[in-house]
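Shown here: entry21.cif, mmCIF, C-alpha atoms.
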data_run
#
loop_
_atom_site.label_atom_id
_atom_site.label_comp_id
_atom_site.auth_asym_id
_atom_site.auth_seq_id
_atom_site.Cartn_x
_atom_site.Cartn_y
_atom_site.Cartn_z
CA MET A 1 -39.16 0.12 0.16
CA ASN A 2 -39.02 2.84 -2.47
CA ILE A 3 -35.43 2.96 -3.74
CA GLU A 4 -34.65 5.39 -6.54
CA ARG A 5 -30.87 5.23 -6.54
CA ILE A 6 -28.05 3.12 -5.16
CA MET A 7 -24.96 5.00 -4.07
CA ALA A 8 -22.33 2.25 -4.17
CA PHE A 9 -18.97 2.59 -2.44
CA GLY A 10 -15.93 0.38 -2.21
CA CYS A 11 -12.61 -0.56 -3.75
CA SER A 12 -11.66 -2.39 -6.95
CA ILE A 13 -14.33 -5.06 -6.48
CA THR A 14 -17.01 -2.38 -6.46
CA TYR A 15 -15.40 -0.66 -9.43
CA GLY A 16 -15.35 -3.97 -11.27
CA GLU A 17 -11.62 -4.02 -11.90
CA GLY A 18 -10.53 -6.77 -14.24
CA LEU A 19 -13.97 -7.26 -15.75
CA ILE A 20 -14.08 -7.17 -19.52
CA ASP A 21 -15.55 -3.65 -19.74
CA ALA A 22 -13.44 -2.12 -16.92
CA GLN A 23 -9.87 -3.10 -17.55
CA GLU A 24 -8.57 0.46 -17.69
CA LYS A 25 -9.64 3.07 -15.22
CA SER A 26 -10.32 6.64 -16.25
CA PRO A 27 -7.34 8.95 -15.59
CA ASP A 28 -9.80 11.48 -14.10
CA LEU A 29 -11.45 8.95 -11.80
CA LYS A 30 -10.36 10.62 -8.53
CA LYS A 31 -11.62 14.03 -9.67
CA LEU A 32 -14.89 12.61 -11.01
CA ILE A 33 -15.56 10.70 -7.79
CA HIS A 34 -14.80 13.78 -5.73
CA GLU A 35 -17.23 15.82 -7.81
CA GLY A 36 -19.94 13.20 -7.35
CA MET A 37 -19.92 12.25 -11.02
CA PRO A 38 -18.26 8.86 -11.36
CA PRO A 39 -18.03 7.59 -14.95
CA LYS A 40 -20.21 4.73 -16.13
CA SER A 41 -18.60 1.70 -14.56
CA SER A 42 -18.64 -1.99 -15.38
CA LYS A 43 -22.07 -3.40 -16.10
CA TYR A 44 -20.84 -6.69 -14.63
CA ALA A 45 -19.81 -5.30 -11.22
CA TRP A 46 -22.12 -5.83 -8.21
CA PRO A 47 -23.51 -2.24 -8.14
CA ALA A 48 -24.90 -2.59 -11.67
CA ALA A 49 -26.25 -6.09 -10.93
CA LEU A 50 -27.90 -4.83 -7.73
CA GLY A 51 -29.38 -1.89 -9.66
CA VAL A 52 -30.98 -4.29 -12.14
CA THR A 53 -32.39 -6.45 -9.33
CA LEU A 54 -33.77 -3.47 -7.40
CA ASP A 55 -34.78 -1.68 -10.61
CA CYS A 56 -33.13 1.64 -9.79
CA ASP A 57 -30.33 3.95 -10.88
CA VAL A 58 -26.79 3.36 -9.68
CA LYS A 59 -23.84 5.62 -8.95
CA ASN A 60 -20.68 3.60 -8.56
CA PHE A 61 -18.02 5.35 -6.46
CA GLY A 62 -15.70 2.34 -6.31
CA TYR A 63 -12.02 3.17 -6.54
CA PRO A 64 -9.42 0.44 -7.16
CA GLY A 65 -6.86 -0.05 -4.41
CA THR A 66 -8.37 2.37 -1.95
CA SER A 67 -8.79 1.95 1.80
CA ASN A 68 -11.71 2.15 4.19
CA LYS A 69 -10.43 5.48 5.42
CA ASN A 70 -10.82 6.87 1.90
CA ILE A 71 -14.10 5.08 1.21
CA CYS A 72 -15.44 6.93 4.27
CA ASN A 73 -14.05 10.21 2.88
CA ILE A 74 -15.83 9.58 -0.43
CA VAL A 75 -19.10 8.69 1.37
CA ILE A 76 -19.22 11.95 3.35
CA GLN A 77 -18.44 14.14 0.34
CA GLN A 78 -21.45 13.10 -1.74
CA LYS A 79 -24.81 14.77 -2.11
CA TYR A 80 -27.72 12.43 -1.41
CA LYS A 81 -31.30 12.56 -2.63
CA LYS A 82 -34.46 11.37 -0.96
CA ASN A 83 -34.91 7.62 -1.52
CA ASP A 84 -31.19 7.02 -2.10
CA ILE A 85 -29.67 4.05 -0.34
CA ALA A 86 -25.97 3.67 0.33
CA VAL A 87 -24.44 0.24 -0.14
CA ILE A 88 -20.83 -0.07 0.92
CA LEU A 89 -18.52 -2.99 0.31
CA TRP A 90 -15.76 -2.19 2.79
CA THR A 91 -12.29 -3.40 1.90
CA ASP A 92 -9.30 -5.05 3.50
CA PHE A 93 -8.12 -3.61 6.84
CA SER A 94 -4.42 -3.65 5.88
CA ARG A 95 -4.77 -0.56 3.66
CA THR A 96 -4.66 3.14 4.39
CA THR A 97 -4.81 6.42 2.48
CA PHE A 98 -3.10 9.79 2.75
CA ASN A 99 -5.01 12.68 1.20
CA THR A 100 -2.79 15.27 -0.43
CA GLU A 101 -5.26 17.78 -1.89
CA LYS A 102 -9.00 18.21 -2.26
CA ASN A 103 -9.43 15.44 -4.83
CA LYS A 104 -6.03 13.79 -4.63
CA TRP A 105 -4.75 10.99 -2.47
CA PHE A 106 -2.33 8.11 -2.42
CA ASP A 107 -3.42 4.68 -1.32
CA ILE A 108 -1.19 2.32 0.57
CA GLY A 109 -1.85 -1.39 0.52
CA PRO A 110 0.12 -4.61 0.15
CA HIS A 111 -0.56 -4.31 -3.61
CA SER A 112 1.22 -0.91 -3.76
CA LEU A 113 4.53 -2.45 -2.62
CA ALA A 114 5.01 -3.65 -6.18
CA THR A 115 4.26 -0.34 -7.91
CA ARG A 116 6.44 2.58 -8.96
CA LYS A 117 5.33 4.54 -5.88
CA LYS A 118 6.41 1.85 -3.46
CA THR A 119 8.61 3.99 -1.19
CA LYS A 120 5.76 5.33 0.93
CA SER A 121 4.22 1.87 1.17
CA SER A 122 7.54 0.31 2.18
CA VAL A 123 8.02 2.94 4.87
CA PHE A 124 4.49 2.46 6.15
CA TYR A 125 4.63 -1.33 6.36
CA LYS A 126 8.16 -1.44 7.72
CA HIS A 127 7.82 1.22 10.43
CA LEU A 128 4.24 2.27 11.03
CA TYR A 129 1.97 -0.70 10.45
CA TYR A 130 0.27 -2.09 13.57
CA ASP A 131 -2.72 -4.47 13.43
CA PHE A 132 -4.35 -2.71 16.38
CA ASN A 133 -4.01 0.71 14.74
CA GLN A 134 -5.44 -0.59 11.47
CA ASN A 135 -8.35 -2.20 13.31
CA ILE A 136 -9.26 1.03 15.11
CA GLU A 137 -8.73 3.22 12.02
CA ASN A 138 -10.96 0.96 9.91
CA TYR A 139 -13.77 0.55 12.43
CA SER A 140 -13.61 4.29 13.01
CA ALA A 141 -14.10 4.95 9.28
CA ILE A 142 -17.00 2.50 9.06
CA ASN A 143 -18.73 3.95 12.13
CA PHE A 144 -18.27 7.55 11.02
CA ALA A 145 -19.75 6.74 7.60
CA LYS A 146 -22.79 5.17 9.27
CA LEU A 147 -23.29 8.10 11.67
CA TYR A 148 -23.04 10.49 8.72
CA LEU A 149 -25.50 8.60 6.50
CA ASP A 150 -27.94 8.12 9.38
CA SER A 151 -27.89 11.87 10.05
CA LYS A 152 -28.73 12.47 6.37
CA GLY A 153 -31.62 10.00 6.55
CA VAL A 154 -29.93 7.72 4.00
CA LYS A 155 -30.55 4.04 4.61
CA ASN A 156 -27.16 2.36 4.63
CA TYR A 157 -26.00 -1.23 4.24
CA HIS A 158 -22.54 -2.43 5.16
CA PHE A 159 -20.70 -5.40 3.71
CA ILE A 160 -17.05 -6.30 3.81
CA TRP A 161 -14.56 -8.56 2.12
CA THR A 162 -11.23 -9.04 3.86
CA THR A 163 -8.28 -11.35 3.58
CA ILE A 164 -8.84 -12.14 7.28
CA PRO A 165 -12.31 -13.54 8.10
CA LEU A 166 -14.35 -10.94 9.95
CA GLU A 167 -14.88 -13.14 13.01
CA HIS A 168 -11.11 -13.07 13.60
CA MET A 169 -11.11 -9.31 14.00
CA GLU A 170 -11.50 -7.69 17.39
CA VAL A 171 -14.55 -5.45 17.35
CA PRO A 172 -14.21 -2.26 19.43
CA GLN A 173 -16.90 -1.88 22.09
CA TRP A 174 -18.02 1.39 20.47
CA ASN A 175 -18.75 -0.21 17.09
CA SER A 176 -22.43 0.16 16.19
CA VAL A 177 -22.37 -1.09 12.60
CA ASP A 178 -23.75 -4.43 11.57
CA ILE A 179 -21.28 -5.52 8.89
CA GLN A 180 -21.99 -8.55 6.77
CA TYR A 181 -18.99 -10.58 5.65
CA ILE A 182 -18.84 -11.35 1.94
CA ASN A 183 -16.74 -14.48 1.79
CA ILE A 184 -14.84 -14.53 -1.48
CA ARG A 185 -11.54 -15.57 0.09
CA ASP A 186 -11.91 -18.41 2.54
CA SER A 187 -13.10 -21.58 0.82
CA GLU A 188 -12.98 -23.52 4.11
CA ASN A 189 -15.66 -21.37 5.70
CA PRO A 190 -19.41 -21.45 5.02
CA ASN A 191 -21.03 -18.94 2.69
CA TYR A 192 -18.03 -19.01 0.38
CA ILE A 193 -19.31 -17.45 -2.81
CA HIS A 194 -16.34 -17.25 -5.13
CA LEU A 195 -17.16 -18.74 -8.52
CA ASP A 196 -14.89 -17.15 -11.09
CA TYR A 197 -12.08 -14.67 -11.71
CA ALA A 198 -12.10 -11.57 -13.90
CA CYS A 199 -9.81 -11.20 -16.93
CA ASP A 200 -6.92 -10.19 -14.66
CA ASP A 201 -7.10 -13.58 -12.84
CA MET A 202 -7.19 -11.69 -9.55
CA HIS A 203 -10.50 -9.91 -9.02
CA PRO A 204 -13.97 -11.50 -8.88
CA GLY A 205 -15.45 -12.45 -12.23
CA PRO A 206 -18.98 -11.67 -13.44
CA GLN A 207 -20.62 -14.68 -11.77
CA THR A 208 -19.03 -13.92 -8.41
CA GLN A 209 -20.05 -10.27 -8.79
CA ASN A 210 -23.63 -11.46 -9.37
CA LEU A 211 -23.48 -13.56 -6.22
CA ILE A 212 -22.21 -10.59 -4.23
CA ALA A 213 -25.14 -8.54 -5.54
CA TYR A 214 -27.58 -11.37 -4.74
CA THR A 215 -26.26 -11.58 -1.14
CA MET A 216 -26.71 -7.83 -0.78
CA TYR A 217 -30.18 -7.98 -2.36
CA ASN A 218 -31.32 -10.54 0.21
CA THR A 219 -30.06 -8.39 3.08
CA ILE A 220 -31.74 -5.25 1.70
CA LEU A 221 -34.98 -7.10 0.99
CA ASN A 222 -35.10 -8.60 4.50
CA ASP A 223 -34.54 -5.22 6.13
CA MET B 1 -23.27 14.42 41.45
CA ASN B 2 -23.25 14.99 37.69
CA ARG B 3 -19.90 14.94 35.96
CA LEU B 4 -17.80 17.13 33.72
CA ILE B 5 -15.65 14.94 31.46
CA ALA B 6 -12.72 16.68 29.78
CA PHE B 7 -10.61 15.50 26.87
CA GLY B 8 -7.58 17.14 25.30
CA CYS B 9 -3.79 17.39 25.26
CA SER B 10 -1.31 18.87 27.75
CA HIS B 11 -3.23 22.18 27.62
CA THR B 12 -6.14 20.37 29.26
CA TYR B 13 -3.98 18.10 31.43
CA GLY B 14 -2.38 21.16 32.98
CA GLU B 15 1.24 20.34 32.18
CA GLY B 16 3.56 23.02 33.53
CA LEU B 17 1.26 23.98 36.40
CA PRO B 18 2.71 23.84 39.95
CA ASP B 19 1.46 20.31 40.67
CA CYS B 20 2.22 18.97 37.16
CA ILE B 21 5.72 19.71 35.97
CA GLY B 22 7.85 17.92 33.40
CA THR B 23 5.87 14.95 32.18
CA LEU B 24 6.78 15.01 28.51
CA ASN B 25 10.52 15.35 28.46
CA LYS B 26 11.62 13.17 31.33
CA PRO B 27 11.15 9.51 30.36
CA GLY B 28 11.23 7.34 33.46
CA VAL B 29 9.96 10.08 35.75
CA PRO B 30 6.51 9.16 37.15
CA ILE B 31 3.79 11.17 35.48
CA PRO B 32 1.72 13.16 37.96
CA PRO B 33 -2.09 13.08 37.61
CA PRO B 34 -3.81 15.94 35.75
CA SER B 35 -3.35 19.25 37.55
CA LYS B 36 -6.00 20.36 40.00
CA PHE B 37 -5.33 23.87 38.65
CA SER B 38 -6.17 22.87 35.05
CA TRP B 39 -9.14 24.55 33.38
CA PRO B 40 -11.44 21.47 33.58
CA TYR B 41 -11.19 21.38 37.40
CA LEU B 42 -11.75 25.14 37.64
CA LEU B 43 -14.73 24.87 35.30
CA ALA B 44 -16.22 21.91 37.17
CA ASP B 45 -15.94 23.95 40.36
CA LYS B 46 -17.87 26.84 38.78
CA LEU B 47 -20.54 24.42 37.53
CA SER B 48 -20.65 22.36 40.76
CA LEU B 49 -19.84 19.19 38.86
CA GLU B 50 -17.45 16.34 39.59
CA CYS B 51 -14.45 16.61 37.25
CA ILE B 52 -12.91 13.74 35.33
CA ASN B 53 -9.95 14.87 33.27
CA TYR B 54 -9.09 12.33 30.55
CA ALA B 55 -6.53 14.60 28.85
CA VAL B 56 -3.24 13.06 27.70
CA CYS B 57 0.04 14.97 27.40
CA GLY B 58 1.33 14.93 23.83
CA ALA B 59 -2.01 13.70 22.50
CA SER B 60 -3.01 14.20 18.89
CA ASN B 61 -6.60 14.65 17.80
CA LYS B 62 -6.60 10.99 16.76
CA GLU B 63 -5.60 10.00 20.30
CA ILE B 64 -8.22 12.34 21.79
CA GLN B 65 -10.83 10.69 19.57
CA HIS B 66 -9.63 7.26 20.75
CA CYS B 67 -10.00 8.39 24.40
CA ILE B 68 -13.53 9.68 23.74
CA LEU B 69 -14.70 6.50 22.02
CA ASN B 70 -13.39 4.36 24.86
CA ALA B 71 -14.45 6.53 27.80
CA ASP B 72 -16.92 5.27 30.36
CA LEU B 73 -19.72 7.84 30.02
CA ASN B 74 -23.13 8.44 31.60
CA LYS B 75 -26.02 10.06 29.80
CA ASN B 76 -26.10 13.03 32.20
CA ASP B 77 -22.40 13.83 31.72
CA THR B 78 -21.24 17.10 30.19
CA VAL B 79 -18.30 16.57 27.83
CA VAL B 80 -15.81 19.32 27.01
CA VAL B 81 -13.07 18.78 24.44
CA LEU B 82 -10.13 21.09 23.74
CA TRP B 83 -8.82 19.82 20.41
CA THR B 84 -5.12 20.14 19.74
CA HIS B 85 -2.67 20.93 16.90
CA HIS B 86 -3.64 19.12 13.72
CA ASN B 87 -0.03 18.38 12.74
CA ARG B 88 0.18 15.63 15.34
CA THR B 89 -0.88 12.03 15.02
CA CYS B 90 -0.43 8.71 16.79
CA PHE B 91 -0.18 5.03 15.95
CA LEU B 92 -2.00 2.66 18.26
CA HIS B 93 0.31 -0.31 18.56
CA SER B 94 -1.22 -2.10 21.53
CA LYS B 95 -4.51 -2.25 23.37
CA LYS B 96 -2.82 -2.00 26.76
CA LYS B 97 -0.02 0.48 26.08
CA SER B 98 -0.03 4.19 25.25
CA PRO B 99 0.15 4.88 21.50
CA TYR B 100 3.29 6.09 19.77
CA GLN B 101 2.89 9.85 19.56
CA PHE B 102 3.99 11.97 16.61
CA MET B 103 4.57 15.72 16.64
CA PRO B 104 7.06 17.91 14.75
CA SER B 105 9.11 18.70 17.87
CA TYR B 106 9.73 14.97 18.40
CA THR B 107 11.93 14.97 15.29
CA GLU B 108 14.45 17.24 17.04
CA LYS B 109 17.64 16.03 18.67
CA ARG B 110 17.40 17.27 22.23
CA LYS B 111 17.51 16.12 25.82
CA GLY B 112 14.50 14.07 26.81
CA ASN B 113 13.68 12.97 23.27
CA PRO B 114 14.76 9.32 22.99
CA PRO B 115 16.47 8.33 19.68
CA ALA B 116 13.87 5.63 18.90
CA ARG B 117 11.02 8.14 19.15
CA ARG B 118 12.98 10.76 17.21
CA ASN B 119 13.77 8.33 14.38
CA LEU B 120 10.21 7.10 14.07
CA ASN B 121 8.92 10.69 14.03
CA LYS B 122 11.50 11.62 11.38
CA ILE B 123 10.36 8.74 9.19
CA PHE B 124 6.73 9.77 9.47
CA TYR B 125 7.26 13.49 8.87
CA THR B 126 9.72 12.90 6.01
CA HIS B 127 7.76 10.32 4.05
CA LEU B 128 4.09 10.42 4.93
CA PHE B 129 3.04 13.67 6.59
CA ASN B 130 1.26 16.38 4.63
CA GLU B 131 -0.81 19.33 5.86
CA TYR B 132 -3.97 18.51 3.93
CA ASN B 133 -4.15 14.96 5.27
CA ALA B 134 -3.43 16.14 8.80
CA GLN B 135 -6.26 18.67 8.65
CA ASN B 136 -8.63 16.13 7.15
CA GLU B 137 -7.84 13.66 9.94
CA THR B 138 -8.56 16.38 12.49
CA TYR B 139 -11.95 17.22 10.98
CA VAL B 140 -12.88 13.54 10.89
CA ALA B 141 -11.72 12.99 14.49
CA ILE B 142 -13.76 15.95 15.76
CA ASP B 143 -16.89 15.23 13.77
CA HIS B 144 -16.89 11.48 14.42
CA SER B 145 -16.46 12.11 18.16
CA TYR B 146 -19.21 14.73 18.16
CA ARG B 147 -21.73 12.54 16.33
CA TYR B 148 -20.82 9.58 18.58
CA LEU B 149 -21.32 11.62 21.76
CA ILE B 150 -24.56 13.21 20.58
CA ASN B 151 -25.87 9.75 19.68
CA TYR B 152 -24.83 8.58 23.14
CA GLY B 153 -26.99 11.32 24.60
CA VAL B 154 -24.45 13.51 26.41
CA LYS B 155 -23.99 17.28 26.14
CA VAL B 156 -20.87 18.10 24.11
CA TYR B 157 -18.83 21.30 23.78
CA ASN B 158 -15.89 21.45 21.36
CA PHE B 159 -13.10 23.99 21.48
CA THR B 160 -9.82 24.85 19.83
CA PHE B 161 -7.18 27.24 21.16
CA SER B 162 -4.89 29.95 19.83
CA ARG B 163 -2.34 32.38 21.18
CA ASP B 164 -1.68 35.30 18.86
CA LYS B 165 1.85 36.24 19.72
CA LYS B 166 3.41 32.78 19.67
CA MET B 167 1.75 31.21 16.63
CA ILE B 168 0.39 28.47 18.87
CA SER B 169 -2.94 27.41 17.48
CA SER B 170 -5.28 24.50 16.92
CA GLU B 171 -7.90 26.72 15.29
CA LEU B 172 -9.55 25.26 12.18
CA ASP B 173 -8.89 27.00 8.86
CA PHE B 174 -12.20 26.21 7.19
CA VAL B 175 -15.27 24.05 7.70
CA PRO B 176 -15.93 21.22 5.23
CA ASN B 177 -19.55 20.99 4.06
CA TRP B 178 -20.04 17.63 5.83
CA PHE B 179 -18.79 18.94 9.18
CA LEU B 180 -21.58 19.07 11.77
CA SER B 181 -19.83 19.80 15.04
CA PRO B 182 -20.17 23.29 16.53
CA ILE B 183 -16.70 24.41 17.65
CA LYS B 184 -15.45 27.60 19.24
CA ASN B 185 -11.93 28.94 19.47
CA LEU B 186 -10.56 29.95 22.89
CA LYS B 187 -7.87 32.62 23.19
CA LEU B 188 -4.91 31.65 25.36
CA LEU B 189 -3.53 34.35 27.63
CA ASP B 190 0.15 35.19 27.36
CA ASP B 191 0.80 33.50 30.69
CA TYR B 192 3.02 30.46 31.09
CA GLY B 193 3.61 27.60 33.49
CA ALA B 194 6.91 26.54 35.03
CA ASP B 195 8.07 25.03 31.73
CA ASN B 196 7.68 28.44 30.04
CA MET B 197 5.70 26.76 27.30
CA HIS B 198 2.30 25.58 28.47
CA PRO B 199 -0.48 27.83 29.84
CA GLY B 200 0.06 29.09 33.39
CA LEU B 201 -2.36 29.51 36.30
CA LYS B 202 -3.91 32.72 34.95
CA ALA B 203 -4.29 31.27 31.47
CA HIS B 204 -6.08 28.19 32.82
CA ASP B 205 -8.35 30.34 34.96
CA ASN B 206 -9.17 32.42 31.90
CA LEU B 207 -9.84 29.30 29.78
CA ALA B 208 -12.24 28.03 32.46
CA SER B 209 -14.06 31.39 32.44
CA GLN B 210 -14.36 31.41 28.63
CA VAL B 211 -15.78 27.88 28.60
CA TYR B 212 -18.07 28.66 31.56
CA GLU B 213 -19.72 31.50 29.62
CA ILE B 214 -20.67 28.97 26.92
CA VAL B 215 -21.53 25.93 29.04
CA LYS B 216 -23.42 27.61 31.96
#
What is this file in structure tokens?
Amino acid sequence: MNIERIMAFGCSITYGEGLIDAQEKSPDLKKLIHEGMPPKSSKYAWPAALGVTLDCDVKNFGYPGTSNKNICNIVIQQKYKKNDIAVILWTDFSRTTFNTEKNKWFDIGPHSLATRKKTKSSVFYKHLYYDFNQNIENYSAINFAKLYLDSKGVKNYHFIWTTIPLEHMEVPQWNSVDIQYINIRDSENPNYIHLDYACDDMHPGPQTQNLIAYTMYNTILND
Amino acid sequence: MNRLIAFGCSHTYGEGLPDCIGTLNKPGVPIPPPSKFSWPYLLADKLSLECINYAVCGASNKEIQHCILNADLNKNDTVVVLWTHHNRTCFLHSKKKSPYQFMPSYTEKRKGNPPARRNLNKIFYTHLFNEYNAQNETYVAIDHSYRYLINYGVKVYNFTFSRDKKMISSELDFVPNWFLSPIKNLKLLDDYGADNMHPGLKAHDNLASQVYEIVK
């Protein structure tokens, strides 16, 4: 397979949050992602490691704290070149995003309940959070991203980390995406690949990021 | 017999037509089936197709998308969708029950609008709703449904509606560069059903004729 560039999408894990060279995110990150020009991201995050393994360029569109709804939005706004592949590490299903302007949005997730902008999150989780709704919204985002990338002729690979193991989620009958579970959360289950934490003691450390990239590499190579 | 499958809101259901009066504002009153005078039935008649009308009164574009993704379709079906106002949404709280519907008029204190629904709508429109997000959700709902249906192998026709004098419109303001779905706006006649709000018999007949010119 001739791969010239990896277009990597995801949340903080993809961005490399907490890693030694990515402890502060650029204040213009939303705008830069929207314009298709994300800044150079952590060299220890899985997109960079996968780029080294596959010997190709990488664009890392990871955005800390974002939801699958917004990851899908970011996927469909990019310009793709021939021989690009898209690799997406989908995030936890409990999150959502509300877009407010062309390159502005606010993310809602359990993590945002502890921030200064917690009012919207509190309202959402108290009154409008339903597991079934989240499940449909997330699978819808994942399926739309795949349909979009397929129509552009961009080979796409889908992985996910979640706080709930993927096999516990109800898959809608219309889902057509083969999503591979990256187990960095559940030590009781097989294929658990968590080795270390980043500097923030919360996100995956460099060794775990390498293992994530290695898992993805095997999937891409076997395709 | 090949089938015409219709999706949409009350404008497609035929609310307000003689055989379909008062479904939205009378909780507890049995909901009649979609009107036989609604534009999908009239269109199916013109095209000599069997009509299946999956429209839902009060539906948002998110709910319409949900109906499309879960519909039982055949490859030789013709699908017509009349997309609704983008300022609506829904939250799917259960697999077996209808979703909670959200629209600006549900925030109003009036007869037939239960307090629980009004309060939940108020919370949503006060704290979380914004125009840009609502439009974006509409574009995604339309385009995802279109790509899904095309992949499925059915013929798909997408429409929005607008009525000049009353500022009633689901017409799209602009087309994002990623948007693939062809979509055409249909003009609603100034003709009303028994509720003095939804399209009347003439308006439905006219909608069917407009769609027929495109689908035939």
Residue nearest chain B - candidates A:Ser41, A:Asn175, A:Thr91, A:Thr115, atoms counted: only C-alpha atoms: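 With only C-alpha atoms as the atom set, the closest residue is A:Asn175.
We find CA of Asn119 in chain B and CA of Leu92 in chain B to be spaced 17.2 Å apart.
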Picked residues, the PyMOL selection byres ((chain B) within 8 of (chain A)), expected as JSON, numbers by chain: {"B": [69, 70, 91, 92, 93, 94, 95, 120, 123, 127, 128, 130, 131, 132, 133, 136, 144, 147, 148, 177, 178]}
Please write the residues from the selection above to a file, keeping C-alpha atoms, as a JSON list (two decimals), in the coordinates of the input.
[["chain", "number", "residue", "atom", "x", "y", "z"],
["B", 69, "LEU", "CA", -14.70, 6.50, 22.02],
["B", 70, "ASN", "CA", -13.39, 4.36, 24.86],
["B", 91, "PHE", "CA", -0.18, 5.03, 15.95],
["B", 92, "LEU", "CA", -2.00, 2.66, 18.26],
["B", 93, "HIS", "CA", 0.31, -0.31, 18.56],
["B", 94, "SER", "CA", -1.22, -2.10, 21.53],
["B", 95, "LYS", "CA", -4.51, -2.25, 23.37],
["B", 120, "LEU", "CA", 10.21, 7.10, 14.07],
["B", 123, "ILE", "CA", 10.36, 8.74, 9.19],
["B", 127, "HIS", "CA", 7.76, 10.32, 4.05],
["B", 128, "LEU", "CA", 4.09, 10.42, 4.93],
["B", 130, "ASN", "CA", 1.26, 16.38, 4.63],
["B", 131, "GLU", "CA", -0.81, 19.33, 5.86],
["B", 132, "TYR", "CA", -3.97, 18.51, 3.93],
["B", 133, "ASN", "CA", -4.15, 14.96, 5.27],
["B", 136, "ASN", "CA", -8.63, 16.13, 7.15],
["B", 144, "HIS", "CA", -16.89, 11.48, 14.42],
["B", 147, "ARG", "CA", -21.73, 12.54, 16.33],
["B", 148, "TYR", "CA", -20.82, 9.58, 18.58],
["B", 177, "ASN", "CA", -19.55, 20.99, 4.06],
["B", 178, "TRP", "CA", -20.04, 17.63, 5.83]]
Reference answer for the PyMOL selection byres ((chain A and resi 38) around 12), as a ChimeraX atom specification: /A:7-9,15,25-37,39-42,58-63,74,78
If the PyMOL selection byres ((chain A and resi 184-193) around 8) were run on this exact file, what residues would it hold? Put them as a compact mmCIF listing (two decimals) with C-alpha atoms, in the coordinates of the input.
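Below you can see selection06.txt, which holds the result:
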# COMPACT_ATOMS: atom_id res chain seq x y z
CA TRP A 161 -14.56 -8.56 2.12
CA THR A 162 -11.23 -9.04 3.86
CA THR A 163 -8.28 -11.35 3.58
CA PRO A 165 -12.31 -13.54 8.10
CA ILE A 182 -18.84 -11.35 1.94
CA ASN A 183 -16.74 -14.48 1.79
CA HIS A 194 -16.34 -17.25 -5.13
CA LEU A 195 -17.16 -18.74 -8.52
CA THR A 208 -19.03 -13.92 -8.41
CA LEU A 211 -23.48 -13.56 -6.22
CA ILE A 212 -22.21 -10.59 -4.23
Residue neighbourhood range 53-56 of chain A, 8 Å, all atoms listed in the file, exclusion window fewer than 4 positions, as a list in words: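 In the requested format, the answer is Ile3, Glu4, Arg5, Ile6, Ala49 and Tyr217 of chain A.
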Within-12 Å shell of (-20.3, 31.3, 41.0) in input frame, only C-alpha atoms, as a PyMOL selection string: chain B and resi 42-48+209+212-213+216
Keeping only C-alpha atoms, write those residues as a PDB file, keeping the file's coordinate frame.
ATOM      1  CA  LEU B  42     -11.750  25.140  37.640  1.00  0.00           C
ATOM      2  CA  LEU B  43     -14.730  24.870  35.300  1.00  0.00           C
ATOM      3  CA  ALA B  44     -16.220  21.910  37.170  1.00  0.00           C
ATOM      4  CA  ASP B  45     -15.940  23.950  40.360  1.00  0.00           C
ATOM      5  CA  LYS B  46     -17.870  26.840  38.780  1.00  0.00           C
ATOM      6  CA  LEU B  47     -20.540  24.420  37.530  1.00  0.00           C
ATOM      7  CA  SER B  48     -20.650  22.360  40.760  1.00  0.00           C
ATOM      8  CA  SER B 209     -14.060  31.390  32.440  1.00  0.00           C
ATOM      9  CA  TYR B 212     -18.070  28.660  31.560  1.00  0.00           C
ATOM     10  CA  GLU B 213     -19.720  31.500  29.620  1.00  0.00           C
ATOM     11  CA  LYS B 216     -23.420  27.610  31.960  1.00  0.00           C
TER      12      LYS B 216
END
One-decimal distance in Å that lies between CA of Gly14 in chain B and CA of Gln65 in chain B: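 That distance, rounded to one decimal, is 19.0 Å.
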Interatomic distance (Å, one decimal) between CA of Asn76 in chain B and CA of His11 in chain B: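 Between CA of Asn76 in chain B and CA of His11 in chain B the gap works out to 25.1 Å.
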Enclosing box along x, y and z for every listed atom of range 172-180 of chain A, padded 6 Å each side, centre and size in Å, one decimal, as JSON:
{"center_x": -19.0, "center_y": -3.6, "center_z": 14.4, "size_x": 21.5, "size_y": 21.9, "size_z": 27.3}
Pick from B:Thr84, B:Asn61, B:Ser181, B:Thr78, whichever lies nearest to Ser10 in chain B using all atoms listed in the file: B:Thr84
Nearest to Gln209 in chain A, chosen from A:Lys118, A:Lys155, A:Lys43, A:Lys81, with only C-alpha atoms counted in the distances: A:Lys43
Top pick for closest residue to Asn70 in chain A, considering A:Ala22, A:Val52, A:Ile142, A:Met1 and counting all atoms listed in the file: A:Ile142
Residue neighbourhood range 66-68 of chain B, 10 Å, all atoms listed in the file, exclusion window fewer than 3 positions, as a PyMOL selection string: (chain A and resi 136-137+140+174) or (chain B and resi 5-8+54-56+59-63+71-73+79+81+92+141+145-146+148-149)
Near-Phe159 in chain B list (10 Å; all atoms listed in the file; drop same-chain fewer than 4 positions) as a list in words: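 Non-adjacent residues within range: Gly8, Val80, Val81, Leu82, Trp83, Thr84, Ile142, Ser170, Glu171, Pro182, Ile183, Lys184, Asn185, Leu186 and Val211 of chain B.
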Using all atoms listed in the file: which of B:Phe129, B:Phe174, B:Trp39, B:Phe179 has the shortest distance to Pro104 in chain B: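 Closest candidate: B:Phe129.
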Residue nearest Ile160 in chain A among A:Phe106, A:Phe93, A:Tyr80, A:Tyr44 (counting all atoms listed in the file): A:Phe93
